[in-house]
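Visitor: So that we are looking at the same thing, I have put the structure below in structure tokens.
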Amino acid sequence: MSGANTPKKMTVSDKVMIEMTGVNKWFDDFHVLKDIGLKVNEGERIVIAGPSGSGKSTLIRCINRLEPHDEGRIVIDGIELTEDLKRIDEVRREVGMVFQQFNLFPHMTVLENCTLAPIWVRKMPENEARDLAMNFLERVRIPEQAMKYPGQLSGGQQQRVAIARALCMNPKIMLFDEPTSALDPEMIKEVLDVMVELAQEGMTMLCVTHEMGFAREVANRVVFMDAGEIIEEAPPEEFFNSPKNARTKEFLAQILAH
Amino acid sequence: MAMEDVTGRPRPPMRSRISPVDWARRNLFSSVGNTALTLFCLWLLWLAVPPFLDFTIFSAVWTGATREVCLGPDKGACWPLVWANLGQFIYGRYPEDEIWRVNVVFALGFAAIVPALIPSAPAKRFNLIFLLVIYPLIALVLLAGDRPGLRPVPTSEWGGLLVTLVVALTGIVVSLPLGIVLALGRRSSMPAIRTVCIVFIEFWRGVPLITVLFMASVMLPLFLPEGMSPDNLLRCLVGVALFSSAYMAEVVRGGLQAIPAGQYEAARATGLTYWQAMGLVVLPQALRHVIPGIVNTFIGLFKDTTLVLIVGIFDLLGQVRAQLSDPSWTVPQGALTAYIFAALVYWVFCFGMSQYSNFMERRLNTSRER
Ligand SMILES: Nc1ncnc2c1ncn2[C@@H]1O[C@H](COP(=O)(O)OP(=O)(O)O)[C@@H](O)[C@H]1O
Ligand SMILES: [Mg+2]
């Protein structure tokens with residue numbers, strides 16, 4: 001039964017969306033991912049935390065194969081990621097990604113940023129794509145900026161556009177790589193609010209972040225990484241209140257000291 | 001009503017005008033050194049400009065039917081020489097009766113290029129397809145005439161501005177796409193493709209154009225079986241196109257390097273293919289960064305076309321030189337007149353390109369800021 005302080009019980013199905021088993025990766029002779037095993041069900045929200053350089057970005061970039069893994073299996077919604085370009089494209093259509101640096105396309109308007117992939121990848125007619133994009137821009141609360149160029153927006157607005165751009169492909173999974181780390185403090189909330197809403201709608205989410213408030217509010221599990229390994233994996237309550245591993249404790253002490 | 005630019009923001013107010021005297025005091029005579037430099041430059045201008053204007057305009061002979069009008073003391077440029085030989089300068093030895101074909105090609109080209117260069121002109125896509133695909137074919141058929149009903153004109157009879165434009169435009173039209181492909185190949189993650197592109201680029205960048213033309217024109221026929229070797233002009237066209245592609249590739253590569261990897265990754269992450277990500281996201285930004293470099297390469301190419309002279313092809317400059325040995329127009333100032341004319345023609349084309357590139361840069365800067 002859901003308690004008073006977890007009012008929005010978000011549903012998790014038992015369908016596996018992401019399955020990583022025995023994943024290893026090297027950058028030359030630097031072992032960046034060590035025997036990673038991670039299983040994410042449909043509707044689950046996972047927060048990945050860990051010190052800088054621990055391989056968090058590399059891990060989630062393996063999920064849409066922006067980085068190829070060297071060993072092990074990664075299966076996304078039943079599609080195994082291999083060299084096969086067709087399958088990679090198939091996975092990328094289902095997986096949206098939001099970057100720390102927004103990576104909006106500066107030579108296109110906000111609207112064009114959002115309609116680009118629906119038009120070229122989904123072959124959607126232009127006016128249909130425009131309606132779809134306006135719909136998502138409304139949901140991230142910036143429909144009035146649609147005709148502006150990214151350079152004319154604040155960081156928080158740009159990141160919300162980036163989220164809308166990813167949502168326009170109607171993804172089954174959303175990946176976030178430190179979406180608020182490049183933002184001024186007063187803009188962090190507007191982005192987190194959008195992400196919380198997304199979580200409440202049941203989106204499967206993998207989020208690298210150090211926003212522990214966000215982790216407490218929406219995460220089913222927090223995954224702690226250090227030096228390329230998953231050290232600890234637990235529901236947020238347990239993770240914050242009774243961490244088992246010494247490195248987790250040390251990390252939490254540092255994070256919460258701020 | 002407030003003036004607004006394309007981005008919808010009000011324009012900054014017009015700069016208040018300052019008097020020419022104030023301007024000169026501020027910019028030309030602000031210090032002793034500055035004043036000395038200004039005076040020195042004025043002195044140089046005084047040495048160069050009046051004699052030049054005198055020769056080309058005030059003392060110049062403008063009309064006349066024979067060389068005699070240009071003879072005599074204190075006569076400047078002999079423009080009648082240019083008028084009399086204008087046909088040769090433009091068409092070379094192209095047969096008189098067939099010159100209409102060249103004129104049709106010029107007129108069609110002009111009619112297709114002008115709207116293509118005007119950003120707001122309609123039907124851009126059709127215009128560009130016509131210019132880059134259909135027009136070259138029409139031009140080839142009309143100029144060479146290897147179709148029933150048209151008298152064939154071998155390229156050895158082409159010359160003058162016609163050849164200059166054919167070589168320059170072929171080089172320009174081929175070098176940009178080929179240069180882009182080479183630049184992408186040089187950054188490819190596939191070692192075989194990367195190696196091929198690096199070897200290709202560095203080979204062509206390492207050889208002087210004169211050597212390339214000489215090899216194409218003189219050496220190639222020696223290696224090919226008799227009768228197999230293609231047309232001399234065609235061989236030079238290929239040489240010039242490959243040569244300038246290598247330069248273009250390096251210019252484009254510079255632009256690609258200025259685009260953060262995140263742009264490509266974000267494009268791929270939304271499901272775009274490699275070519276879509278490059279064509280829609282990376283290249284439009286990269287090329288915009290290097291417009292000056294691209295146009296610079298075009299201008300260099302345009303002037304380098306004069307080198308075809310050494311393999312017996314008479315471009316504008318070659319035709320001008322050839323004309324100087326015509327006894328019916330030998331006058332003392334003939335060479336100078338003809339060369340000034342040739343320089344003026346080259347200058348008009350190159351200056352036009354440079355101005356157009358400035359215009360595009362300004363336009364792109366005001367409409368899309370980062
Ligand atoms: N393309 C790359 N080539 C070589 N080393 C890399 C590359 N990308 C990341 N690394 C290294 O891998 C380690 C993990 O990086 P990353 O996944 O970005 O860590 P995190 O996101 O946890 O800060 C870092 O030490 C980083 O220097
Ligand atoms: Mg990172």
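Labels used: A, B, ... for chains in the order of the structure tokens, numbers from 1 for residues in each chain, and numbers from 1 for ligands as shown.
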Sort by chain and increasing residue number a table of all residues of chain A within 10 Å of ligand 1, each with its closest pair of atoms and their distance in Å to one decimal, counting only C-alpha atoms and all ligand atoms, and write it as CSV.
Guide:
```
residue,atom,partner,partner_atom_place_in_ligand_line,distance
A:Lys25,CA,ligand 1,12 (O),9.7
A:Trp26,CA,ligand 1,5 (N),8.3
A:Phe27,CA,ligand 1,4 (C),4.9
A:Asp28,CA,ligand 1,4 (C),7.3
A:Asp29,CA,ligand 1,4 (C),9.4
A:Phe30,CA,ligand 1,5 (N),7.3
A:His31,CA,ligand 1,12 (O),8.1
A:Val32,CA,ligand 1,12 (O),5.4
A:Leu33,CA,ligand 1,14 (C),8.1
A:Ile48,CA,ligand 1,22 (O),9.2
A:Ala49,CA,ligand 1,22 (O),8.1
A:Gly50,CA,ligand 1,22 (O),6.5
A:Pro51,CA,ligand 1,22 (O),6.2
A:Ser52,CA,ligand 1,23 (O),3.7
A:Gly53,CA,ligand 1,23 (O),3.5
A:Ser54,CA,ligand 1,22 (O),3.9
A:Gly55,CA,ligand 1,17 (O),3.2
A:Lys56,CA,ligand 1,22 (O),3.7
A:Ser57,CA,ligand 1,21 (O),3.6
A:Thr58,CA,ligand 1,17 (O),3.7
A:Leu59,CA,ligand 1,17 (O),6.4
A:Ile60,CA,ligand 1,17 (O),8.3
A:Arg61,CA,ligand 1,17 (O),8.2
A:Cys62,CA,ligand 1,17 (O),9.8
A:Glu67,CA,ligand 1,1 (N),8.3
A:Asp177,CA,ligand 1,21 (O),7.7
A:Glu178,CA,ligand 1,21 (O),8.4
A:Val208,CA,ligand 1,21 (O),8.0
A:Thr209,CA,ligand 1,21 (O),9.8
A:Met225,CA,ligand 1,22 (O),7.8
A:Asp226,CA,ligand 1,22 (O),8.0
A:Ala227,CA,ligand 1,14 (C),7.9
A:Gly228,CA,ligand 1,14 (C),7.2
```
Visitor: What lies within 10 Å of Ile201 (chain B) using only C-alpha atoms, ignoring chain neighbours under 3 positions off, as an NGL selection string?
Guide: :B and (179 or 182-183 or 186 or 195-198 or 204-206 or 242-250)
Visitor: For the residues in that selection, give me all heavy atoms as a compact mmCIF listing (two decimals), in the first residue's frame.
Guide:
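Output file again04.txt is given in full below:
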```
# COMPACT_ATOMS: atom_id res chain seq x y z
N GLY B 179 35.21 17.76 -52.48
CA GLY B 179 35.96 18.19 -51.30
C GLY B 179 35.25 17.82 -50.01
O GLY B 179 35.88 17.40 -49.04
N LEU B 182 35.65 14.11 -49.48
CA LEU B 182 37.02 13.81 -49.04
C LEU B 182 37.25 14.22 -47.60
O LEU B 182 37.90 13.50 -46.82
CB LEU B 182 38.03 14.54 -49.94
CG LEU B 182 38.22 13.96 -51.34
CD1 LEU B 182 39.02 14.93 -52.20
CD2 LEU B 182 38.93 12.62 -51.26
N ALA B 183 36.68 15.38 -47.21
CA ALA B 183 36.86 15.85 -45.84
C ALA B 183 36.18 14.90 -44.86
O ALA B 183 36.73 14.57 -43.81
CB ALA B 183 36.31 17.26 -45.69
N ARG B 186 38.21 11.78 -44.62
CA ARG B 186 39.43 11.94 -43.84
C ARG B 186 39.15 11.83 -42.35
O ARG B 186 40.04 11.50 -41.56
CB ARG B 186 40.07 13.29 -44.16
CG ARG B 186 41.43 13.44 -43.56
CD ARG B 186 42.23 14.57 -44.14
NE ARG B 186 43.59 14.43 -43.64
CZ ARG B 186 44.63 15.06 -44.10
NH1 ARG B 186 44.51 15.89 -45.10
NH2 ARG B 186 45.81 14.87 -43.57
N THR B 195 42.49 6.30 -44.94
CA THR B 195 43.80 6.26 -45.60
C THR B 195 43.70 6.70 -47.06
O THR B 195 44.50 7.51 -47.53
CB THR B 195 44.38 4.83 -45.54
OG1 THR B 195 44.26 4.36 -44.20
CG2 THR B 195 45.82 4.81 -45.97
N VAL B 196 42.70 6.17 -47.76
CA VAL B 196 42.54 6.54 -49.16
C VAL B 196 42.39 8.06 -49.29
O VAL B 196 43.03 8.69 -50.13
CB VAL B 196 41.31 5.82 -49.77
CG1 VAL B 196 40.95 6.43 -51.13
CG2 VAL B 196 41.57 4.34 -49.90
N CYS B 197 41.56 8.66 -48.44
CA CYS B 197 41.32 10.10 -48.53
C CYS B 197 42.58 10.89 -48.20
O CYS B 197 42.88 11.88 -48.88
CB CYS B 197 40.18 10.51 -47.60
SG CYS B 197 38.59 9.90 -48.18
N ILE B 198 43.31 10.47 -47.16
CA ILE B 198 44.51 11.21 -46.80
C ILE B 198 45.52 11.15 -47.94
O ILE B 198 46.10 12.17 -48.34
CB ILE B 198 45.13 10.64 -45.50
CG1 ILE B 198 44.21 10.96 -44.32
CG2 ILE B 198 46.51 11.24 -45.26
CD1 ILE B 198 44.70 10.42 -43.00
N TRP B 204 47.53 15.41 -54.13
CA TRP B 204 47.19 16.56 -54.97
C TRP B 204 47.67 17.87 -54.37
O TRP B 204 47.96 18.82 -55.10
CB TRP B 204 45.68 16.62 -55.21
CG TRP B 204 45.20 15.51 -56.09
CD1 TRP B 204 44.58 14.37 -55.69
CD2 TRP B 204 45.36 15.40 -57.51
NE1 TRP B 204 44.33 13.57 -56.77
CE2 TRP B 204 44.79 14.18 -57.90
CE3 TRP B 204 45.93 16.22 -58.48
CZ2 TRP B 204 44.77 13.74 -59.22
CZ3 TRP B 204 45.90 15.79 -59.81
CH2 TRP B 204 45.33 14.56 -60.16
N ARG B 205 47.73 17.93 -53.05
CA ARG B 205 48.22 19.17 -52.44
C ARG B 205 49.72 19.31 -52.60
O ARG B 205 50.26 20.40 -52.52
CB ARG B 205 47.87 19.22 -50.95
CG ARG B 205 46.40 19.46 -50.73
CD ARG B 205 46.16 20.27 -49.50
NE ARG B 205 46.77 19.67 -48.33
CZ ARG B 205 47.01 20.33 -47.23
NH1 ARG B 205 46.70 21.60 -47.13
NH2 ARG B 205 47.56 19.71 -46.21
N GLY B 206 50.38 18.17 -52.82
CA GLY B 206 51.84 18.19 -52.89
C GLY B 206 52.39 18.50 -54.27
O GLY B 206 53.58 18.76 -54.41
N LEU B 242 40.28 17.73 -59.68
CA LEU B 242 40.84 16.92 -58.60
C LEU B 242 41.77 17.76 -57.73
O LEU B 242 41.75 17.67 -56.50
CB LEU B 242 41.59 15.71 -59.17
CG LEU B 242 40.71 14.72 -59.93
CD1 LEU B 242 41.54 13.55 -60.44
CD2 LEU B 242 39.58 14.22 -59.05
N PHE B 243 42.55 18.59 -58.39
CA PHE B 243 43.49 19.45 -57.68
C PHE B 243 42.75 20.36 -56.70
O PHE B 243 43.09 20.44 -55.52
CB PHE B 243 44.27 20.28 -58.70
CG PHE B 243 45.31 21.17 -58.11
CD1 PHE B 243 46.57 20.67 -57.81
CD2 PHE B 243 45.04 22.51 -57.87
CE1 PHE B 243 47.54 21.51 -57.27
CE2 PHE B 243 46.01 23.34 -57.33
CZ PHE B 243 47.25 22.84 -57.03
N SER B 244 41.70 21.03 -57.18
CA SER B 244 41.01 21.96 -56.28
C SER B 244 40.18 21.22 -55.24
O SER B 244 39.94 21.77 -54.15
CB SER B 244 40.17 22.98 -57.06
OG SER B 244 39.57 22.38 -58.16
N SER B 245 39.75 19.99 -55.54
CA SER B 245 39.01 19.22 -54.53
C SER B 245 39.87 18.99 -53.29
O SER B 245 39.37 19.02 -52.16
CB SER B 245 38.59 17.86 -55.07
OG SER B 245 37.86 18.01 -56.23
N ALA B 246 41.14 18.75 -53.51
CA ALA B 246 42.03 18.49 -52.38
C ALA B 246 42.11 19.72 -51.48
O ALA B 246 42.06 19.61 -50.26
CB ALA B 246 43.41 18.09 -52.88
N TYR B 247 42.20 20.90 -52.11
CA TYR B 247 42.24 22.13 -51.31
C TYR B 247 40.92 22.34 -50.60
O TYR B 247 40.86 22.69 -49.42
CB TYR B 247 42.55 23.33 -52.20
CG TYR B 247 44.02 23.47 -52.43
CD1 TYR B 247 44.64 22.85 -53.50
CD2 TYR B 247 44.80 24.20 -51.54
CE1 TYR B 247 46.00 22.95 -53.69
CE2 TYR B 247 46.16 24.32 -51.72
CZ TYR B 247 46.76 23.68 -52.80
OH TYR B 247 48.10 23.77 -52.97
N MET B 248 39.83 22.11 -51.36
CA MET B 248 38.50 22.30 -50.77
C MET B 248 38.32 21.37 -49.58
O MET B 248 37.76 21.75 -48.55
CB MET B 248 37.45 22.02 -51.84
CG MET B 248 36.09 22.50 -51.49
SD MET B 248 36.05 24.24 -51.08
CE MET B 248 36.16 24.95 -52.70
N ALA B 249 38.82 20.14 -49.71
CA ALA B 249 38.67 19.16 -48.63
C ALA B 249 39.28 19.70 -47.33
O ALA B 249 38.70 19.56 -46.25
CB ALA B 249 39.33 17.84 -49.01
N GLU B 250 40.43 20.34 -47.44
CA GLU B 250 41.09 20.85 -46.24
C GLU B 250 40.34 22.04 -45.65
O GLU B 250 40.27 22.19 -44.44
CB GLU B 250 42.54 21.23 -46.55
CG GLU B 250 43.43 20.02 -46.77
CD GLU B 250 43.45 19.08 -45.57
OE1 GLU B 250 44.13 19.37 -44.59
OE2 GLU B 250 42.74 18.05 -45.63
```
Visitor: Would you give me, as a VMD selection string, the residues of chain B that come within 9 Å of chain A, using only C-alpha atoms?
Guide: chain B and resid 7 260 262 to 273 276 280 to 282 284 to 285 368 to 370
Visitor: Restricted to C-alpha atoms, what would the selected residues look like written as a compact mmCIF listing (two decimals), in the first residue's frame?
Guide:
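The resulting file, out.txt, is reproduced below:
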```txt
# COMPACT_ATOMS: atom_id res chain seq x y z
CA THR B 7 15.23 37.82 -35.76
CA PRO B 260 31.41 20.03 -31.35
CA GLY B 262 27.81 16.65 -29.40
CA GLN B 263 26.03 17.94 -32.50
CA TYR B 264 26.69 14.74 -34.40
CA GLU B 265 25.88 12.60 -31.37
CA ALA B 266 22.60 14.38 -30.70
CA ALA B 267 21.63 13.92 -34.35
CA ARG B 268 22.48 10.22 -34.32
CA ALA B 269 20.74 9.75 -30.96
CA THR B 270 17.44 10.90 -32.46
CA GLY B 271 17.79 8.19 -35.10
CA LEU B 272 19.19 10.15 -38.04
CA THR B 273 21.57 8.15 -40.25
CA GLN B 276 21.37 12.69 -42.55
CA LEU B 280 21.26 18.27 -42.03
CA VAL B 281 23.15 19.09 -38.85
CA VAL B 282 26.94 19.09 -39.14
CA PRO B 284 25.28 23.26 -42.74
CA GLN B 285 27.06 24.61 -39.67
CA ARG B 368 21.01 33.02 -37.06
CA GLU B 369 23.00 33.86 -34.02
CA ARG B 370 24.38 31.22 -31.72
```
Visitor: When you look at Gly155 (chain A) with a cut-off of 8 Å (counting only C-alpha atoms), what residues show up, excluding the ones that are within fewer than 5 positions of it in the same chain? I need them as an NGL selection string.
Guide: :A and (182-184 or 187)
Visitor: What gap, in Å, lies between CA of Phe136 (chain A) and CA of Met17 (chain A)?
Guide: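 About the pair CA of Phe136 (chain A) and CA of Met17 (chain A): they are 23.5 Å apart.
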Visitor: May I have all residues of region 89-263 of chain B that DSSP, computed from the backbone, assigns to helix (DSSP H, G or I), given as a VMD selection string?
Guide: chain B and resid 89 to 91 96 to 117 124 to 144 155 to 157 160 to 186 191 to 206 209 to 223 232 to 257 261 to 263
Visitor: Could you check how far CA of Val16 (chain A) sits from CA of Lys34 (chain A), in Å to one decimal?
Guide: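 Computing the Euclidean distance for CA of Val16 (chain A) and CA of Lys34 (chain A) yields 21.9 Å.
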Visitor: Do you know which residues are at most 12 Å from Pro143 (chain A) counting only C-alpha atoms, after dropping those on the same chain fewer than 5 positions away, and could you put them as a VMD selection string?
Guide: chain A and resid 110 to 111 114 130 to 138 148 157 160 to 161 164
Visitor: Once you have the residues from the selection above, write them out as a short mmCIF file (atom, residue, chain, number, x, y, z; two decimals), in the first residue's frame, restricted to N, CA, C and O atoms.
Guide:
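Result file again-v5.cif:
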```cif
data_model
loop_
_atom_site.label_atom_id
_atom_site.label_comp_id
_atom_site.auth_asym_id
_atom_site.auth_seq_id
_atom_site.Cartn_x
_atom_site.Cartn_y
_atom_site.Cartn_z
N VAL A 110 13.81 26.44 -32.73
CA VAL A 110 13.38 25.46 -31.73
C VAL A 110 12.44 24.45 -32.37
O VAL A 110 12.58 23.23 -32.19
N LEU A 111 11.49 24.95 -33.16
CA LEU A 111 10.52 24.06 -33.80
C LEU A 111 11.23 23.10 -34.76
O LEU A 111 10.95 21.90 -34.78
N CYS A 114 12.86 20.24 -33.21
CA CYS A 114 11.95 19.19 -32.75
C CYS A 114 11.38 18.38 -33.91
O CYS A 114 11.06 17.21 -33.75
N ARG A 130 4.88 19.31 -37.15
CA ARG A 130 4.82 20.60 -36.48
C ARG A 130 3.80 20.57 -35.34
O ARG A 130 4.07 21.06 -34.24
N ASP A 131 2.65 19.97 -35.60
CA ASP A 131 1.63 19.86 -34.55
C ASP A 131 2.17 19.06 -33.36
O ASP A 131 2.01 19.44 -32.21
N LEU A 132 2.82 17.94 -33.70
CA LEU A 132 3.39 17.09 -32.66
C LEU A 132 4.41 17.87 -31.83
O LEU A 132 4.38 17.84 -30.59
N ALA A 133 5.28 18.60 -32.50
CA ALA A 133 6.33 19.35 -31.81
C ALA A 133 5.72 20.43 -30.93
O ALA A 133 6.13 20.61 -29.77
N MET A 134 4.72 21.14 -31.44
CA MET A 134 4.08 22.19 -30.64
C MET A 134 3.45 21.59 -29.39
O MET A 134 3.51 22.16 -28.30
N ASN A 135 2.88 20.41 -29.56
CA ASN A 135 2.28 19.69 -28.45
C ASN A 135 3.31 19.45 -27.33
O ASN A 135 3.07 19.74 -26.15
N PHE A 136 4.49 18.96 -27.72
CA PHE A 136 5.52 18.69 -26.71
C PHE A 136 6.13 19.98 -26.17
O PHE A 136 6.49 20.04 -24.99
N LEU A 137 6.25 21.00 -27.02
CA LEU A 137 6.77 22.27 -26.52
C LEU A 137 5.82 22.86 -25.48
O LEU A 137 6.26 23.50 -24.52
N GLU A 138 4.52 22.63 -25.67
CA GLU A 138 3.57 23.08 -24.66
C GLU A 138 3.78 22.31 -23.36
O GLU A 138 3.73 22.87 -22.28
N LYS A 148 12.13 30.82 -32.16
CA LYS A 148 13.44 31.40 -31.86
C LYS A 148 14.55 30.40 -32.14
O LYS A 148 14.30 29.20 -32.31
N GLN A 157 15.70 26.84 -20.57
CA GLN A 157 14.78 26.71 -21.71
C GLN A 157 15.36 25.77 -22.76
O GLN A 157 14.65 24.93 -23.32
N ARG A 160 14.92 22.22 -21.79
CA ARG A 160 13.54 21.76 -21.95
C ARG A 160 13.23 21.50 -23.42
O ARG A 160 12.51 20.56 -23.75
N VAL A 161 13.79 22.34 -24.31
CA VAL A 161 13.63 22.07 -25.74
C VAL A 161 14.27 20.72 -26.08
O VAL A 161 13.71 19.92 -26.83
N ALA A 164 11.94 18.07 -25.17
CA ALA A 164 10.83 18.01 -26.13
C ALA A 164 11.30 17.37 -27.44
O ALA A 164 10.60 16.56 -28.03
#
```
Visitor: One decimal, Å: what's the distance from CA of Phe214 (chain A) over to CA of Ser181 (chain A), could you say?
Guide: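 Computing the Euclidean distance for CA of Phe214 (chain A) and CA of Ser181 (chain A) yields 13.3 Å.
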Visitor: Hey, which of B:Thr330, B:Thr38, B:Gln319, B:Gln257 ends up closest to Arg25 (chain B)? Count only C-alpha atoms.
Guide: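 Ranked by minimum distance to Arg25 (chain B), first place goes to B:Thr38.
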Visitor: Which residues are near Ala129 (chain A)? Cut-off 7 Å, only C-alpha atoms, ignore same chain within fewer than 5 positions. Put them as a PyMOL selection string.
Guide: chain A and resi 115+118-119+124
Visitor: For a quick check of understanding, using only C-alpha atoms, which of B:Ala192, B:Ala258, B:Leu301, B:Ile57 has the smallest distance to Val173 (chain B)?
Guide: B:Leu301
Visitor: Looking at only C-alpha atoms and all ligand atoms, which of A:Gly213, A:Pro185, A:Pro179, A:Gly22 is the one that sits closest to ligand 2?
Guide: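 Ranking A:Gly213, A:Pro185, A:Pro179, A:Gly22 by distance to ligand 2, first place goes to A:Pro179.
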Visitor: Skip Lys189 (chain A) itself and residues of its chain fewer than 4 positions away, then list as a list of chain:residue names all residues within 9 Å of it, counting only C-alpha atoms.
Guide: A:Gly156, A:Thr180, A:Pro185, A:Asp193, A:Val194
Visitor: Check region 33-232 of chain A with DSSP on the backbone and list each residue it calls strand (DSSP E or B), as a PyMOL selection string.
Guide: chain A and resi 33-41+45-49+71-76+79-80+95-98+173-177+204-208+221-226+229-232
Visitor: Name the residues in contact with Pro51 (chain B) at a cut-off of 12 Å, using only C-alpha atoms, excluding same-chain residues fewer than 5 positions from it; report them as a list in words.
Guide: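 My list of contacting residues is Leu44, Leu45, Trp46, Thr56, Ile57, Phe58, Ser59, Ala60, Asp74, Gly76 and Ala77 of chain B.
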Visitor: Smallest atom-to-atom distance to ligand 2: which of A:Cys207, A:Ile173, A:Val223, A:Ala234, using only C-alpha atoms and all ligand atoms?
Guide: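 Selected residue with least distance to ligand 2: A:Cys207.
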